[in-house]
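Asker: Enclosed is the structure file structure36.txt (compact mmCIF, C-alpha atoms).
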# COMPACT_ATOMS: atom_id res chain seq x y z
CA MET A 17 -117.21 154.60 25.90
CA ASN A 18 -116.93 152.10 28.71
CA HIS A 19 -113.45 150.90 29.55
CA HIS A 20 -113.27 147.48 31.15
CA GLN A 21 -110.25 146.73 33.30
CA SER A 22 -108.82 143.25 32.95
CA PRO A 23 -108.79 141.24 36.18
CA PRO A 24 -105.46 141.29 38.03
CA ASP A 25 -103.12 138.33 37.84
CA PRO A 26 -103.88 135.97 40.79
CA THR A 27 -100.21 135.02 41.10
CA LEU A 28 -99.21 138.68 41.33
CA LEU A 29 -101.87 139.29 43.98
CA ARG A 30 -100.65 136.37 46.04
CA TRP A 31 -97.04 137.45 45.89
CA GLY A 32 -98.12 140.96 46.81
CA ALA A 33 -100.09 139.71 49.80
CA VAL A 34 -97.11 137.67 51.00
CA SER A 35 -94.81 140.65 50.48
CA GLY A 36 -97.06 142.90 52.54
CA LEU A 37 -97.29 140.39 55.40
CA LEU A 38 -93.53 139.85 55.41
CA GLY A 39 -93.00 143.60 55.33
CA VAL A 40 -95.13 144.05 58.45
CA VAL A 41 -93.24 141.29 60.26
CA THR A 42 -89.88 142.78 59.23
CA ALA A 43 -90.94 146.26 60.37
CA LEU A 44 -92.03 144.94 63.77
CA VAL A 45 -88.75 143.05 64.21
CA GLN A 46 -86.85 146.22 63.31
CA VAL A 47 -88.76 148.18 65.94
CA ALA A 48 -88.02 145.49 68.53
CA ILE A 49 -84.24 145.54 67.99
CA ASN A 50 -83.87 149.23 67.14
CA PRO A 51 -81.55 150.77 69.77
CA SER A 52 -82.73 153.88 71.58
CA TYR A 53 -80.28 156.65 72.33
CA ALA A 54 -80.36 159.66 74.64
CA ASP A 55 -81.68 162.98 73.40
CA ASP A 56 -78.40 164.67 74.33
CA PRO A 57 -76.13 164.44 71.21
CA SER A 58 -72.96 164.05 73.29
CA MET A 59 -74.42 161.04 75.08
CA ALA A 60 -76.12 159.64 71.98
CA ILE A 61 -72.91 159.61 69.93
CA GLN A 62 -71.13 157.78 72.72
CA GLN A 63 -73.89 155.16 72.86
CA ALA A 64 -73.84 154.79 69.06
CA SER A 65 -70.09 154.24 69.06
CA LEU A 66 -70.53 151.24 71.37
CA SER A 67 -73.54 149.71 69.60
CA HIS A 68 -73.51 147.48 66.54
CA PHE A 69 -77.28 147.09 66.15
CA LEU A 70 -78.04 150.39 64.45
CA THR A 71 -76.66 149.35 61.06
CA PHE A 72 -78.50 146.01 61.12
CA SER A 73 -81.67 147.78 62.26
CA ARG A 74 -81.43 150.21 59.33
CA LEU A 75 -80.93 147.30 56.94
CA LEU A 76 -84.12 145.67 58.21
CA ASP A 77 -85.86 149.01 57.83
CA MET A 78 -84.88 149.19 54.16
CA VAL A 79 -86.08 145.62 53.55
CA ALA A 80 -89.38 146.42 55.28
CA PHE A 81 -89.92 149.50 53.10
CA LEU A 82 -89.34 147.46 49.93
CA LEU A 83 -91.60 144.58 50.98
CA LEU A 84 -94.39 146.89 52.11
CA LEU A 85 -94.23 148.91 48.91
CA CYS A 86 -94.54 145.75 46.80
CA GLY A 87 -97.43 144.59 48.97
CA VAL A 88 -99.33 147.87 48.80
CA THR A 89 -98.80 148.05 45.03
CA ALA A 90 -100.41 144.63 44.60
CA ILE A 91 -103.21 145.37 47.07
CA THR A 92 -104.19 148.63 45.38
CA SER A 93 -104.16 146.93 41.96
CA ALA A 94 -106.97 144.63 43.12
CA PHE A 95 -109.55 147.45 43.09
CA SER A 96 -111.90 147.06 40.14
CA SER A 97 -112.38 149.91 37.69
CA GLY A 98 -115.03 152.40 38.76
CA ARG A 99 -115.14 151.14 42.35
CA GLY A 100 -112.38 153.05 44.07
CA ALA A 101 -109.66 152.29 41.52
CA SER A 102 -108.77 155.97 41.01
CA TRP A 103 -108.56 156.58 44.75
CA ALA A 104 -106.48 153.42 45.12
CA ARG A 105 -104.00 154.74 42.54
CA VAL A 106 -103.67 158.00 44.48
CA ALA A 107 -103.15 156.01 47.68
CA ARG A 108 -100.46 153.96 45.93
CA THR A 109 -98.67 157.15 44.89
CA LEU A 110 -98.76 158.50 48.44
CA TYR A 111 -97.39 155.26 49.79
CA THR A 112 -94.60 155.34 47.22
CA VAL A 113 -93.66 158.83 48.44
CA SER A 114 -93.78 157.60 52.03
CA ALA A 115 -91.58 154.59 51.31
CA ALA A 116 -89.09 156.66 49.29
CA ALA A 117 -88.80 159.31 51.99
CA GLY A 118 -88.48 156.64 54.66
CA ALA A 119 -85.74 154.90 52.70
CA ILE A 120 -83.83 158.19 52.30
CA ALA A 121 -84.14 158.92 56.02
CA THR A 122 -82.98 155.40 56.80
CA MET A 123 -79.87 155.86 54.67
CA ILE A 124 -79.16 159.15 56.46
CA VAL A 125 -79.45 157.45 59.85
CA GLY A 126 -77.20 154.68 58.55
CA SER A 127 -74.31 157.16 58.45
CA LEU A 128 -74.55 157.87 62.19
CA PRO A 129 -72.51 154.81 63.28
CA ASP A 130 -69.63 155.92 61.04
CA ILE A 131 -69.68 159.37 62.63
CA ALA A 132 -69.83 157.83 66.09
CA HIS A 133 -66.86 155.55 65.39
CA SER A 134 -64.87 158.49 64.01
CA TRP A 135 -65.74 160.46 67.14
CA ALA A 136 -64.48 157.63 69.34
CA THR A 137 -61.02 157.70 67.70
CA ALA A 138 -60.77 161.48 67.27
CA SER A 139 -58.68 163.76 69.41
CA PRO A 140 -60.41 165.72 72.20
CA ALA A 141 -60.20 168.90 70.12
CA MET A 142 -62.04 167.26 67.21
CA LYS A 143 -64.77 165.56 69.20
CA PRO A 144 -67.15 168.58 69.42
CA GLY A 145 -67.21 168.79 65.63
CA TYR A 146 -68.32 165.18 65.33
CA VAL A 147 -70.99 165.75 67.97
CA ALA A 148 -72.34 168.72 66.01
CA ALA A 149 -72.32 166.71 62.77
CA TYR A 150 -74.10 163.83 64.52
CA ASP A 151 -76.78 166.15 65.87
CA ALA A 152 -77.30 167.85 62.49
CA ILE A 153 -77.64 164.56 60.59
CA ASP A 154 -79.97 163.18 63.24
CA ASN A 155 -82.21 166.25 62.90
CA ALA A 156 -82.13 165.99 59.10
CA SER A 157 -83.22 162.35 59.22
CA GLY A 158 -86.05 163.30 61.55
CA ALA A 159 -87.28 165.92 59.08
CA VAL A 160 -87.27 163.42 56.21
CA PHE A 161 -89.04 160.84 58.37
CA SER A 162 -91.72 163.47 59.03
CA VAL A 163 -92.34 163.68 55.28
CA SER A 164 -92.63 159.90 55.17
CA TRP A 165 -95.12 159.80 58.04
CA ALA A 166 -97.19 162.66 56.61
CA ALA A 167 -97.44 160.86 53.25
CA LEU A 168 -98.35 157.66 55.09
CA GLY A 169 -101.11 159.54 56.88
CA GLY A 170 -102.47 160.78 53.57
CA PHE A 171 -102.27 157.22 52.25
CA GLY A 172 -104.45 155.98 55.11
CA ILE A 173 -107.15 158.57 54.49
CA VAL A 174 -107.21 158.20 50.70
CA LEU A 175 -107.14 154.40 50.96
CA ALA A 176 -110.16 154.57 53.26
CA VAL A 177 -112.10 156.38 50.53
CA ALA A 178 -111.13 153.68 48.03
CA LEU A 179 -112.21 150.99 50.48
CA ARG A 180 -115.58 152.63 51.05
CA ARG A 181 -116.21 152.92 47.31
CA SER A 182 -115.37 149.28 46.75
CA ARG A 183 -117.82 146.51 47.62
CA LEU A 184 -115.15 143.92 48.28
CA TYR A 185 -113.65 145.25 51.49
CA SER A 186 -114.92 145.64 55.03
CA ALA A 187 -116.00 149.04 56.29
CA THR A 188 -114.15 148.27 59.53
CA VAL A 189 -110.83 148.21 57.69
CA ALA A 190 -111.69 151.57 56.11
CA TRP A 191 -112.31 153.14 59.52
CA ILE A 192 -109.05 151.70 60.85
CA SER A 193 -107.29 153.20 57.84
CA VAL A 194 -108.83 156.61 58.57
CA ALA A 195 -107.78 156.37 62.22
CA SER A 196 -104.25 155.49 61.15
CA GLY A 197 -104.03 158.46 58.78
CA LEU A 198 -105.44 160.94 61.29
CA ALA A 199 -103.15 159.69 64.07
CA LEU A 200 -100.05 160.08 61.88
CA ILE A 201 -100.97 163.56 60.69
CA ALA A 202 -101.86 164.61 64.24
CA ALA A 203 -98.49 163.30 65.42
CA ILE A 204 -96.69 165.48 62.88
CA ILE A 205 -98.72 168.58 63.81
CA VAL A 206 -98.45 168.07 67.56
CA GLY A 207 -94.80 167.07 67.47
CA ILE A 208 -93.53 169.84 65.19
CA GLY A 209 -95.93 172.60 66.14
CA PHE A 210 -96.23 172.10 69.88
CA HIS A 211 -93.39 169.69 70.82
CA VAL A 212 -95.75 167.65 72.96
CA PRO A 213 -94.53 164.17 74.07
CA ALA A 214 -97.93 162.72 73.15
CA ALA A 215 -96.88 163.01 69.50
CA PHE A 216 -94.79 159.86 69.91
CA VAL A 217 -97.83 157.93 71.17
CA LEU A 218 -99.88 159.11 68.18
CA LEU A 219 -97.06 158.16 65.83
CA VAL A 220 -96.77 154.63 67.19
CA LEU A 221 -100.56 154.24 67.13
CA GLY A 222 -100.76 155.41 63.52
CA LEU A 223 -97.98 153.07 62.39
CA LEU A 224 -99.48 150.06 64.17
CA LEU A 225 -102.92 150.74 62.70
CA SER A 226 -101.40 151.02 59.22
CA TYR A 227 -99.85 147.59 59.72
CA VAL A 228 -103.24 146.22 60.76
CA VAL A 229 -104.76 147.58 57.54
CA ILE A 230 -102.02 146.07 55.37
CA VAL A 231 -102.36 142.66 57.06
CA ALA A 232 -106.17 142.68 56.75
CA LEU A 233 -106.05 143.69 53.08
CA GLY A 234 -103.27 141.21 52.37
CA LEU A 235 -105.39 138.35 53.68
CA LYS A 236 -108.39 139.62 51.71
CA VAL A 237 -106.37 139.91 48.51
CA TRP A 238 -105.10 136.36 49.00
CA ARG A 239 -108.70 135.11 49.14
CA LEU A 240 -109.57 137.17 46.05
CA ALA A 241 -106.62 135.67 44.18
CA THR A 242 -107.80 132.18 45.12
CA GLY A 243 -111.28 132.97 43.76
CA LEU A 244 -109.88 134.37 40.52
CA GLN A 245 -107.71 131.32 40.04
CA GLN A 246 -110.65 128.98 40.55
CA GLU A 247 -112.73 130.93 38.04
CA ALA A 248 -109.95 130.59 35.46
CA LEU A 249 -109.82 126.79 35.76
CA PRO A 250 -111.36 124.90 32.80
CA ILE A 251 -114.61 123.07 33.54
CA ALA A 252 -114.29 119.34 32.84
CA GLU A 253 -117.18 117.59 31.11
CA PRO A 254 -118.64 114.55 32.93
CA ILE A 255 -117.49 111.30 31.31
CA GLY A 256 -121.02 110.01 30.72
CA ARG A 257 -122.14 113.20 28.99
CA LEU A 258 -118.95 113.35 26.93
CA THR A 259 -119.41 109.72 25.79
CA GLY A 260 -123.01 110.35 24.85
CA ARG A 261 -122.06 113.44 22.88
CA VAL A 262 -119.43 111.50 20.95
CA ALA A 263 -121.97 108.77 20.19
CA ASP A 264 -124.44 111.37 18.94
CA ASP A 265 -121.81 112.88 16.64
CA VAL A 266 -121.06 109.52 14.95
CA PRO A 267 -122.97 109.19 11.61
CA ALA A 268 -125.52 106.41 11.44
CA SER A 269 -123.81 104.86 8.41
CA ASP A 270 -120.58 104.45 10.40
CA SER A 271 -122.35 102.78 13.30
CA ALA A 272 -124.40 100.35 11.23
CA VAL A 273 -123.36 96.69 11.31
CA SER A 274 -123.09 95.13 7.88
Any chance you could give the structure as structure tokens?
Answerer:
Amino acid sequence: MNHHQSPPDPTLLRWGAVSGLLGVVTALVQVAINPSYADDPSMAIQQASLSHFLTFSRLLDMVAFLLLLCGVTAITSAFSSGRGASWARVARTLYTVSAAAGAIATMIVGSLPDIAHSWATASPAMKPGYVAAYDAIDNASGAVFSVSWAALGGFGIVLAVALRRSRLYSATVAWISVASGLALIAAIIVGIGFHVPAAFVLLVLGLLLSYVVIVALGLKVWRLATGLQQEALPIAEPIGRLTGRVADDVPASDSAVS
């Protein structure tokens, strides 16, 4: 039996496209204001105790995760049945894992300012304990972020397959999605396995390319929603034809003049 998938709601697609675009903008703003701390935990905790931007940066990060997840959910729902829809659903699941892991890591990082402020008011004998706790939590958040980036890399590769199977999307966007996924996975392998500084470059490249894909697909989905909405509009009959049809439907006896 053939199962026909009903067309997606144009309003939902438009809101999803807007959500994805706003999510990209929010993520870029978060990166711009995100404070950078030293690798040495004793110096990093001192810098965190004097900074008030980390909490606001984490809040923007959470908003970006939510907006991007809503956008990707709408974008992947636009794939028609039998033309990459199954791959799009797998990609959506991977992105959900990525967003959830990223949100958990963000909440972990959000506790670092509290530890830093407690360190600042602690006695000299207690300060090393706060430094150790700060370092441990920072490492834990990095591990969870690695899960998020790995899932995002898988999303890019699987989404590229869905894009190639669909006839609605550009092959260029599919290749960009593949490059994003490979860069993110390579960053995880190089960073964890070999501790090479180039891993950070690969990570930034993969994230930026994923944003390019979401923006491109968001604009495409907006145009698709406009087309669906126009197809759903009722077709008005011309006035002349409508008048003639009414005249034809009137019985001759009713139109005769006595």
Asker: Might you pull out every residue within 8 Å of Val79 in chain A, with all atoms listed in the file counted and same-chain residues fewer than 4 positions away left off, and present them as a PyMOL selection string?
Answerer: chain A and resi 39+42+75+83
Asker: For the selection you just gave me, I'd like the residues written to a file as a compact mmCIF listing (two decimals), keeping the file's coordinate frame, keeping C-alpha atoms.
Answerer:
# COMPACT_ATOMS: atom_id res chain seq x y z
CA GLY A 39 -93.00 143.60 55.33
CA THR A 42 -89.88 142.78 59.23
CA LEU A 75 -80.93 147.30 56.94
CA LEU A 83 -91.60 144.58 50.98
Asker: Which polymer residues, protein or nucleic acid, are no farther than 12 Å from (-88.3, 166.2, 60.8), counting only C-alpha atoms, as a ChimeraX atom specification?
Answerer: /A:117-118,121,152-166,203-205,207-209,211
Asker: Choose the residue, out of A:Thr27, A:Ser102, A:Gln46, A:Ser67, that has the smallest atom-to-atom separation from Arg181 in chain A; count all atoms listed in the file.
Answerer: A:Ser102
Asker: A:Ala149, A:Leu175, A:Ile124, A:Leu76: which is nearest Leu110 in chain A, counting only C-alpha atoms?
Answerer: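 Between A:Ala149, A:Leu175, A:Ile124, A:Leu76, the residue approaching Leu110 in chain A most closely is A:Leu175.
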Asker: Step by step: start from the point (-84.4, 153.3, 68.2) in the file's coordinates, keep every protein, DNA or RNA residue that has an atom no farther than 12 Å from it, count only C-alpha atoms, and write the set as an mmCIF file with C-alpha atoms, keeping the file's coordinate frame.
Answerer:
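Written file, selection11.cif:
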data_model
loop_
_atom_site.group_PDB
_atom_site.id
_atom_site.type_symbol
_atom_site.label_atom_id
_atom_site.label_comp_id
_atom_site.auth_asym_id
_atom_site.auth_seq_id
_atom_site.Cartn_x
_atom_site.Cartn_y
_atom_site.Cartn_z
ATOM 1 C CA VAL A 45 -88.750 143.050 64.210
ATOM 2 C CA GLN A 46 -86.850 146.220 63.310
ATOM 3 C CA VAL A 47 -88.760 148.180 65.940
ATOM 4 C CA ALA A 48 -88.020 145.490 68.530
ATOM 5 C CA ILE A 49 -84.240 145.540 67.990
ATOM 6 C CA ASN A 50 -83.870 149.230 67.140
ATOM 7 C CA PRO A 51 -81.550 150.770 69.770
ATOM 8 C CA SER A 52 -82.730 153.880 71.580
ATOM 9 C CA TYR A 53 -80.280 156.650 72.330
ATOM 10 C CA ALA A 54 -80.360 159.660 74.640
ATOM 11 C CA ASP A 55 -81.680 162.980 73.400
ATOM 12 C CA ALA A 60 -76.120 159.640 71.980
ATOM 13 C CA GLN A 63 -73.890 155.160 72.860
ATOM 14 C CA ALA A 64 -73.840 154.790 69.060
ATOM 15 C CA SER A 67 -73.540 149.710 69.600
ATOM 16 C CA PHE A 69 -77.280 147.090 66.150
ATOM 17 C CA LEU A 70 -78.040 150.390 64.450
ATOM 18 C CA THR A 71 -76.660 149.350 61.060
ATOM 19 C CA PHE A 72 -78.500 146.010 61.120
ATOM 20 C CA SER A 73 -81.670 147.780 62.260
ATOM 21 C CA ARG A 74 -81.430 150.210 59.330
ATOM 22 C CA ASP A 77 -85.860 149.010 57.830
ATOM 23 C CA THR A 122 -82.980 155.400 56.800
ATOM 24 C CA VAL A 125 -79.450 157.450 59.850
ATOM 25 C CA ASP A 154 -79.970 163.180 63.240
#
Asker: Excluding Leu179 in chain A and any residue of its chain fewer than 6 positions from it, enumerate the residues within 12 Å of it, using only C-alpha atoms, and give them as a list of chain:residue names.
Answerer: A:Ile91, A:Thr92, A:Ala94, A:Phe95, A:Ser96, A:Arg99, A:Gly100, A:Ala101, A:Ser102, A:Trp103, A:Ala104, A:Ala107, A:Phe171, A:Gly172, A:Ile173, A:Tyr185, A:Ser186, A:Ala187, A:Thr188, A:Val189, A:Ala190, A:Trp191, A:Ile192, A:Ser193, A:Val194, A:Val229, A:Leu233
Asker: Could you please determine the separation between CA of Leu29 in chain A and CA of Ser93 in chain A in Å, to one decimal place?
Answerer: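 According to the coordinates, CA of Leu29 in chain A and CA of Ser93 in chain A are separated by 8.2 Å.
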Asker: Have a look at A:Ala214, A:Arg30, A:Thr242, A:Ser58 and name the one nearest to Tyr146 in chain A; count only C-alpha atoms.
Answerer: A:Ser58
Asker: When you draw a straight line from CA of Leu37 in chain A to CA of Val177 in chain A, how long is it in Å?
Answerer: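 Separating CA of Leu37 in chain A from CA of Val177 in chain A is a distance of 22.3 Å.
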